[in-house]
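First up is the structure itself, then whatever we jot down about it.
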Amino acid sequence: MTKIEAVIQPSKLDTVKEALREVGVDGMTVIEVRGHGRQKGHTEVYRGAEYTVDLLPKVKVEMVLPDSRVDAAVQTILKAAKTGKIGDGKIFLSRIDEAIRIRNEERGDAAL
Amino acid sequence: MRTVLALALLVFVLMMGVGAAYGHAQTADATAAGGAVTASPPVQDQVAQLQQQVSDAKSAGDNAWMLVSAALVLMMTGPGLALFYGGLVRKKNVLATMMQSFTMMALITVLWALVGYSLAFGPGTSFIGGFRFLGLQGVGAAPDPDYAATIPAQTFMVFQLMFAIITPGLITGAFAERMKFSAMVAFMVLWSILVYSPMAHMVWGKGGLLNAALGGALPTLDFAGGTVVHITSGVSALVCALYMGRRLGYPKEPMPPHSVVLSVIGACLLWVGWFGFNAGSALAAGSLATSAFVATHFGAAAAALGWAGAEWLRTGKPSVLGAISGAVAGLVAITPASGFVSPMPALAIGLVAGIVCYLMVAKIKGMFGYDDSLDAFGVHGAGGTIGALLTGVFASSAINPIFKDPQGHALASGLLEGNARQVLNQLAGVAIAWVLAIVGTLVILKVVDAFIGLRVPDEHEVQGLDLSQHGEEGYNLEA
């Protein structure tokens, strides 16, 4: 089982969600986050005082999938979230030790 | 069955209505017919009665306007100032900041009723009133002709109360986010008695040194409180900011407003409320109120454009916070001038105030490094001073013949009209306001600091005043 964490532009969330649903991924967790990589922030001015805001709003989409479906999901996310500009985001993959469905305590791939 | 009952009830009600109207008409006709039969009273009595009715009507108009004005001015404090200041602080201090304004509404009211009004408007010396009106005795339905001949003395008192409420509220902008609530309460009680009431007495009270309307020795033109309200509070704010020191982390740590949205709403309420503040200071519903209303509005408008324009040129973007701050600066500056100047000078005063206050806040504050958190000095202290001085320039007897010769002819009011001396008198009034504010505030700060302590401990300041002073959080949005 692999966890996919994708930090994407907030404006791309709907596109990514739709695209994933079309390839059969219907479970995910979406979190609003702030962050930056190499993307510069912006400056705000309040009564003459300047504030640099370098933590930009992003969206993180998380899902845990059986290994067989990971490649398709990653390709889907890449295609849906890409604009070609700095700030598009990143995808991280990590190994998951166990998954358990709370309702009926199923384990492993059956729980995904 | 139910339908039948409903219909019956409807018919019954209709019959009652028709019956009542018909009966009324019958009675009216009877009276008219009856009146033609008895003899009418002599003409002198009728004229006297008519004169009384005209006078009553004028008083009714004046009193209605003055009560509305008083309500408008109270609205400036709550929620106007509460929102304006509340939006400018960090989220963790929003309630505490609003509480400071709200508390004035309650605290100053009681103080004013007990002793404040008497000290400000009772007869006394050139500097302070006495105790004639202690507990508001003698302040009733009859007008006090020294102040306003067509409205009850109580109306005048309650109108002035709203000014006494908002003035200390303005100071809270200087020590926002770091003052103990208990210390603030003590400070405000003392400040209202030792600074506000004397200044109000000098400018507006019977026998006041600076009272232009009642023959003061150094007549200062201050229609609605440029010196009494804005200079005293603004300068006191500066003293507080310097005495109490900067907020933890200032100026390195960013402390942007948590909600300019709230501040916009607050500023708009201030603008509308200011019509009560300035136009209400005409103390009557006549053409002077109109003139002050127009001047007020024009001053706000020009200043908003002035600040926004200056900021646009200097930084490349006109901020919303800048635009609303500009409007407030203009309103402050036009306050002393509002009942003395015509519309075009009002635009000029507003424009100057907008630009100068912008520079005060954007450049000068940074140069000196003091932490006047919400720019109470930059806007009220500076704006009030500018306005008071420009009043001496632009005041016109054509708008308001405040100075008269022994025969009752109007004398020139301001510089442009030929009375160059008035600018010096304005300077005197401004200087007295500054000195009173500085000395009074320093003394009070020292005393309160010694007995209670002014600042919250560092951990409380970091935690936020909402939690540490009031045990509350402003926004429980997850609930």
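Letters A, B, ... mark the chains of the structure tokens in the order given; residue numbers begin at 1 per chain; ligand numbers begin at 1, in order shown.
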
Item to complete: Pick out the chain B residues within 7 Å of chain A. Count only C-alpha atoms. Give them as number ranges by chain.
Response: B: 254, 256, 321-322, 361-362

Worksheet entry | Secondary structure check, strand (DSSP E) residues of chain A, as an NGL selection string | :A and (2-8 or 29-35 or 42-46 or 49-53 or 56-65 or 89-95)

Worksheet entry | Shell around segment 456-462 of chain B at 8 Å using only C-alpha atoms, local window under 6 positions removed, as a ChimeraX atom specification | /B:177-180,248,468

Discussion item. Which residues are close to Val7 of chain A, i.e. within 8 Å by only C-alpha atoms, leaving aside same-chain residues fewer than 4 positions away? Reply as a PyMOL selection string.
Written reply: chain A and resi 58-61+89-91

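Nearest to Phe175 of chain B of all the residues B:Trp307, B:Phe102, B:Tyr85, B:Phe451 is B:Tyr85, based on only C-alpha atoms.
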
Worksheet item: Given the choices B:Val430, B:Ala282, B:Met244, B:Leu415, which gets closest to Ala183 of chain B if the distance is worked out from only C-alpha atoms?
Response: B:Met244

Can you check which parts of segment 49-88 of chain A lie within 9 Å of segment 20-33 of chain A? Per residue, the shortest pair of atoms and distance in Å to one decimal, counting only C-alpha atoms, sorted by chain and number, as a tab-separated table.
residue	atom	partner	partner_atom	distance
A:Leu56	CA	A:Val33	CA	8.3
A:Pro57	CA	A:Val33	CA	5.9
A:Lys58	CA	A:Val33	CA	5.2
A:Val59	CA	A:Glu32	CA	4.7
A:Lys60	CA	A:Ile31	CA	5.1
A:Val61	CA	A:Val30	CA	4.6
A:Glu62	CA	A:Thr29	CA	5.0
A:Met63	CA	A:Met28	CA	4.7
A:Val64	CA	A:Met28	CA	7.8
A:Leu65	CA	A:Val25	CA	8.4
A:Arg69	CA	A:Val25	CA	8.9
A:Ala72	CA	A:Val23	CA	7.7
A:Ala73	CA	A:Leu20	CA	6.7
A:Thr76	CA	A:Leu20	CA	6.4
A:Ile77	CA	A:Leu20	CA	7.2
A:Ala80	CA	A:Leu20	CA	8.9

Could you write out the selected residues, including N, CA and C atoms, as an mmCIF file, in the first residue's frame?
data_model
loop_
_atom_site.group_PDB
_atom_site.id
_atom_site.type_symbol
_atom_site.label_atom_id
_atom_site.label_comp_id
_atom_site.auth_asym_id
_atom_site.auth_seq_id
_atom_site.Cartn_x
_atom_site.Cartn_y
_atom_site.Cartn_z
ATOM 1 N N LEU A 56 2.339 30.626 1.055
ATOM 2 C CA LEU A 56 1.223 30.772 0.128
ATOM 3 C C LEU A 56 0.198 29.677 0.359
ATOM 4 N N PRO A 57 -1.074 29.987 0.107
ATOM 5 C CA PRO A 57 -2.092 28.949 0.266
ATOM 6 C C PRO A 57 -1.924 27.864 -0.797
ATOM 7 N N LYS A 58 -1.968 26.622 -0.331
ATOM 8 C CA LYS A 58 -1.923 25.465 -1.233
ATOM 9 C C LYS A 58 -2.978 24.473 -0.757
ATOM 10 N N VAL A 59 -3.154 23.401 -1.537
ATOM 11 C CA VAL A 59 -4.041 22.318 -1.114
ATOM 12 C C VAL A 59 -3.244 21.027 -1.152
ATOM 13 N N LYS A 60 -3.412 20.195 -0.126
ATOM 14 C CA LYS A 60 -2.739 18.884 -0.107
ATOM 15 C C LYS A 60 -3.798 17.820 -0.252
ATOM 16 N N VAL A 61 -3.620 16.962 -1.250
ATOM 17 C CA VAL A 61 -4.554 15.853 -1.459
ATOM 18 C C VAL A 61 -3.835 14.570 -1.061
ATOM 19 N N GLU A 62 -4.452 13.792 -0.172
ATOM 20 C CA GLU A 62 -3.812 12.549 0.298
ATOM 21 C C GLU A 62 -4.701 11.363 -0.030
ATOM 22 N N MET A 63 -4.066 10.264 -0.440
ATOM 23 C CA MET A 63 -4.840 9.027 -0.627
ATOM 24 C C MET A 63 -3.908 7.841 -0.437
ATOM 25 N N VAL A 64 -4.455 6.729 0.011
ATOM 26 C CA VAL A 64 -3.675 5.488 0.164
ATOM 27 C C VAL A 64 -4.268 4.480 -0.820
ATOM 28 N N LEU A 65 -3.417 3.926 -1.702
ATOM 29 C CA LEU A 65 -3.902 3.037 -2.769
ATOM 30 C C LEU A 65 -3.119 1.720 -2.767
ATOM 31 N N ARG A 69 -2.275 0.386 -8.350
ATOM 32 C CA ARG A 69 -3.015 1.515 -8.921
ATOM 33 C C ARG A 69 -2.283 2.839 -8.790
ATOM 34 N N ALA A 72 -1.062 4.858 -12.178
ATOM 35 C CA ALA A 72 -2.169 5.510 -12.891
ATOM 36 C C ALA A 72 -2.605 6.769 -12.167
ATOM 37 N N ALA A 73 -2.698 6.672 -10.821
ATOM 38 C CA ALA A 73 -3.132 7.834 -10.040
ATOM 39 C C ALA A 73 -2.130 8.969 -10.158
ATOM 40 N N THR A 76 -2.376 10.665 -13.453
ATOM 41 C CA THR A 76 -3.600 11.465 -13.514
ATOM 42 C C THR A 76 -3.400 12.802 -12.810
ATOM 43 N N ILE A 77 -2.812 12.739 -11.617
ATOM 44 C CA ILE A 77 -2.596 13.978 -10.854
ATOM 45 C C ILE A 77 -1.662 14.907 -11.610
ATOM 46 N N ALA A 80 -3.473 16.592 -14.444
ATOM 47 C CA ALA A 80 -4.546 17.521 -14.047
ATOM 48 C C ALA A 80 -4.018 18.763 -13.340
#

Discussion item. Could you tell me how far atom CA of Thr15 of chain A sits from atom CA of Gly41 of chain A, in Å to one decimal place?
Written reply: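 Answer for the atom CA of Gly41 of chain A to atom CA of Thr15 of chain A separation: 24.1 Å.
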
Worksheet entry | Å distance separating atom CA of Gly205 of chain B from atom CA of Phe121 of chain B, one decimal place | 4.7 Å

Worksheet entry | Non-local contacts of Ser373 of chain B (10 Å; only C-alpha atoms; under 4 positions in same chain excluded) as a PyMOL selection string | chain B and resi 85+88-89+172-178+237+241+246-247+250+255+377

Discussion item. List as a ChimeraX atom specification the protein and nucleic acid residues near Gly124 of chain B, meaning an atom at most 10 Å away when only C-alpha atoms are counted, but skip any in the same chain fewer than 4 places from it.
Written reply: /B:118-120,128-132,201,205-208

What would the file look like if the residues just selected were written as a CSV table (one decimal), in the first residue's frame with N, CA and C atoms?
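Output saved as result-v6.csv:
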chain,number,residue,atom,x,y,z
B,118,SER,N,-21.1,68.3,35.3
B,118,SER,CA,-21.0,69.5,36.1
B,118,SER,C,-19.6,70.1,35.9
B,119,LEU,N,-18.6,69.3,36.0
B,119,LEU,CA,-17.2,69.8,35.8
B,119,LEU,C,-17.0,70.5,34.5
B,120,ALA,N,-17.6,69.9,33.4
B,120,ALA,CA,-17.4,70.5,32.1
B,120,ALA,C,-18.3,71.7,31.8
B,128,ILE,N,-12.2,75.2,34.8
B,128,ILE,CA,-13.0,74.1,35.2
B,128,ILE,C,-14.4,74.5,35.7
B,129,GLY,N,-15.4,73.7,35.5
B,129,GLY,CA,-16.7,74.0,36.0
B,129,GLY,C,-16.8,73.7,37.5
B,130,GLY,N,-18.0,73.8,38.1
B,130,GLY,CA,-18.1,73.5,39.5
B,130,GLY,C,-19.0,72.3,39.7
B,131,PHE,N,-19.6,72.4,40.9
B,131,PHE,CA,-20.5,71.2,41.3
B,131,PHE,C,-22.0,71.5,41.2
B,132,ARG,N,-22.3,72.6,40.5
B,132,ARG,CA,-23.7,73.0,40.4
B,132,ARG,C,-24.6,71.9,39.9
B,201,HIS,N,-14.7,72.3,29.3
B,201,HIS,CA,-15.1,73.5,30.0
B,201,HIS,C,-14.5,74.7,29.3
B,205,GLY,N,-17.6,75.6,27.8
B,205,GLY,CA,-18.4,75.8,29.1
B,205,GLY,C,-18.5,77.3,29.4
B,206,LYS,N,-19.5,77.6,30.2
B,206,LYS,CA,-19.8,78.9,30.7
B,206,LYS,C,-18.5,79.5,31.3
B,207,GLY,N,-18.0,80.6,30.8
B,207,GLY,CA,-16.8,81.2,31.4
B,207,GLY,C,-15.5,80.6,31.0
B,208,GLY,N,-15.6,79.6,30.1
B,208,GLY,CA,-14.3,79.0,29.7
B,208,GLY,C,-13.4,79.9,29.0

Item to complete: Tell me, as a ChimeraX atom specification, which residues lie within 8 Å of segment 405-414 of chain B, counting only C-alpha atoms; anything in the same chain fewer than 3 positions away does not count.
Response: /B:391-397,401-402,417-423

Go ahead and save the residues from that selection, with C-alpha atoms, as a PDB file, in the first residue's frame.
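To be explicit, this is the file written out as result22.pdb:
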ATOM      1  CA  THR B 391     -10.015  76.692  11.034  1.00  0.00           C
ATOM      2  CA  GLY B 392      -8.273  79.931  11.894  1.00  0.00           C
ATOM      3  CA  VAL B 393      -7.488  80.356   8.211  1.00  0.00           C
ATOM      4  CA  PHE B 394     -10.794  79.495   6.604  1.00  0.00           C
ATOM      5  CA  ALA B 395     -13.425  80.477   9.187  1.00  0.00           C
ATOM      6  CA  SER B 396     -15.996  82.840   7.707  1.00  0.00           C
ATOM      7  CA  SER B 397     -18.551  84.998   9.456  1.00  0.00           C
ATOM      8  CA  PRO B 401     -21.035  85.044  12.745  1.00  0.00           C
ATOM      9  CA  ILE B 402     -19.340  83.982  15.949  1.00  0.00           C
ATOM     10  CA  GLU B 417     -11.644  87.049   5.865  1.00  0.00           C
ATOM     11  CA  GLY B 418      -9.264  89.573   7.400  1.00  0.00           C
ATOM     12  CA  ASN B 419      -8.835  88.379  10.985  1.00  0.00           C
ATOM     13  CA  ALA B 420      -5.193  87.303  11.005  1.00  0.00           C
ATOM     14  CA  ARG B 421      -5.157  87.210  14.810  1.00  0.00           C
ATOM     15  CA  GLN B 422      -7.417  84.212  14.932  1.00  0.00           C
ATOM     16  CA  VAL B 423      -4.708  81.854  13.786  1.00  0.00           C
TER      17      VAL B 423
END

Worksheet, complete the sentence: atom CA of Ser55 of chain B to atom CA of Ala149 of chain B measures 10.8 Å
